[in-house]
Structures are given as structure tokens and as C-alpha cells.
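Each remark here refers to the structure printed beneath this line.
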Amino acid sequence: MSPHRDVLSLLAPMLRVRPELQDFCRFGGDWSSPHQSEAKGWAAFHILTKGACSVERKGQPTVRLEAGDVLLLPHGDAHVARGGDGRSPQQIIGTTQKNAIRVKETEGAEFETELICGRLYLESATDDLLLRLLPHTIVLRLSGQQACSRLVETIRDELDADRAGAAAIARDLASALFVMLLRVHLEAEPPADGLLALLGHRETAKAALAMLGDPAREWSLDELAAIAAVSRATLVRAFRRICGMPPLAFLTEVRLSIARNRITHTADALGEIAADVGYQSEAALSRALQRHFAIRPGALRRSARVTEPPPV
């Protein structure tokens, strides 16, 4: 098994993805469909099931998509999808909801392009550790990849058929699609540093996974080195080389990422969160968050109430 597939085997159980399928688009002629930037933690995606289009982002190269391609924008950048030459865009209209998804069409032109548009929200405790390592654009080209092609076709057919449970089925398939996108990206561009690289190196993978799996434990360098089957010095050098910090600093990063995620997205008591991530009290957790993120738990939770996206 390749080291990149080992990474996905380790990481996949920790990825909890909440997909939101927003628009089922059928466009023809010249058209333009703008998309605003997404809130923090949301990744935008487009699945092209028919035709061709271009996706433009400010200051970035234009991405050309063909039928069967999937585009993921991990950081939710604002962008514009276009078809035709763009000189005289057709008016895009929204129709009634179908399977809890908006259907958008162009007026006065035969449908040539079909897109499924949506976004993915990473609910994993390691969302920041993962997202910060991904590029701004990932494209999955499905030509020659039968399994992925069938998955995209099934998503499209479920949305088009208007049968009971179609939206739920499509959402679950979109979750699987995200992991596939990560796999394709890792195989094409092996990570040089960060969490994914830690999980891909023999010297660090087992120690990193142990800390991710039990962040509340009072890990020592001796314990982590024993798990990794290397010396303490070798483990520290490997962590510094790959992610720029020693193992116990990485543990702090994991603990505070988990804490921030739960404070932001749950109503769990702060004392419970503190205990679950290895802090002796709410005050100790509050001081650590202030040092690391320059924000206290109360302010973090209040800001989350304002910015939290509506439930799917």
C-alpha cells in the first residue's frame, strides 16, 4: 500500500463532513453564475455532469471543467462559473425547490451544461489542521475513473429523479466524494509538511495518530517515542522537520483545535471540553486559547452564534 493511501486510511475516520447540495443548474448559451465567498470552514464544490464551463477566481488561473469533472475550493473562495463566450449572458432564473435543492435554468437557450453546486462543512476536530494544508483548488478528472464516474452519475440521477430520500442519499455520496478528492490530491501532490505529512511518515505517523486519538492523555516524549519505535531525539527531529514543531507542541495544537471546534459548534459545557482535551480547568483552557488564538471561550462562542451557517 502506498504511503498516501496509508494517510487516508488513518485520516478518513476522523473526517466528518456535512455536505450541502445547493443548486441543480441547467444552462445554455452564454451564461454567468457568480458565487460569493463561503464562511470559514466551508469548502465550495461544483460537479459538472454535462457540457463544459470555466471557473474564474480573482488573481488565479481560470479552471476549465468538462463533463464528469469535480471542482473543490477548500477555502471557499469567491468565484464565477461561466459558459459560452460570456458576451451576452442569458438570464439565470431559480425555479421551485426539488429534493430541497434549488433548480436554476437559463431562459431562451437549450440546456447544454448541467452542474451540481454546493459546499462541504468540515465538522472534524482537526478541520483547521487539515484545511490550512490544502491548496485553493482541487480538480478531480473522472475520465478513466469508473468508480468516481458512477458516483457522480448516481448523485445526478438521485437529484433528477425526485424520489423519496434523494437529497439524503446525494448528501452521503457527496461526503464520499470529498474523501476521494483528498485521495486524488494526495496521490498527485504528496504533502511536504503538516498533519497529512506526519501521518505519511513512518517516524511520526503512529505518534501523531495516538495524540489525535487521545488528546486528553498526559503524553510524554518517552511514550510517544516508544509508540513510534524511534528514539526521543529522532522523533523530535522528525516532527520539527515535517510540521515545524516538536511533538508536544503539536499536541497543544491538536487540543486547542478540538476545543475551539467544540466551543464554536456545540453547546457543551466549557468544563467538559477542557477535561476532554487535557486541561485541568475552564480557566486553564481559557488562558491557552487566549495565548494561541487571542480570544476567550465566551467571545468565541458568541461570535459563532453570529457566523454559524444555518443547518442543512
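Identifiers for the C-alpha cells are assigned positionally: chains receive A, B, ... in sequence, residues are indexed from 1 per chain, and ligands are indexed from 1 in the order shown.
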Surrounding residues of Asp172 in chain A excluding itself and chain neighbours under 5 positions, 12 Å, only C-alpha atoms, as a count of residues only: 18
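The smallest atom-to-atom distance between Leu48 in chain A and any of A:Ala78, A:Ala100, A:Ile258, A:Cys117, using only C-alpha atoms, is found for A:Cys117.
Atom pair CA of Arg255 in chain A / CA of Phe45 in chain A: separated by 29.3 Å.
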Enumerate, as number ranges by chain, the complete set of residues in range 43-274 of chain A that a backbone-based DSSP assignment places in strand (DSSP E or B). A: 43-50, 52-56, 63-66, 70-73, 79-83, 92-98, 101-106, 113-122, 138-140
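When the distance limit is 8 Å and only C-alpha atoms are what count, the residues near range 277-282 of chain A, minus those fewer than 6 positions from it on the same chain, are Pro215, Ala216, Arg217, Glu218, Arg255, Leu256, Ile258, Ala259, Leu270 and Gly271 of chain A.
Across the model, the gap from CA of Lys104 in chain A to CA of Arg64 in chain A is 20.8 Å.
What separates CA of Ala81 in chain A from CA of Ala168 in chain A is a distance of 25.8 Å.
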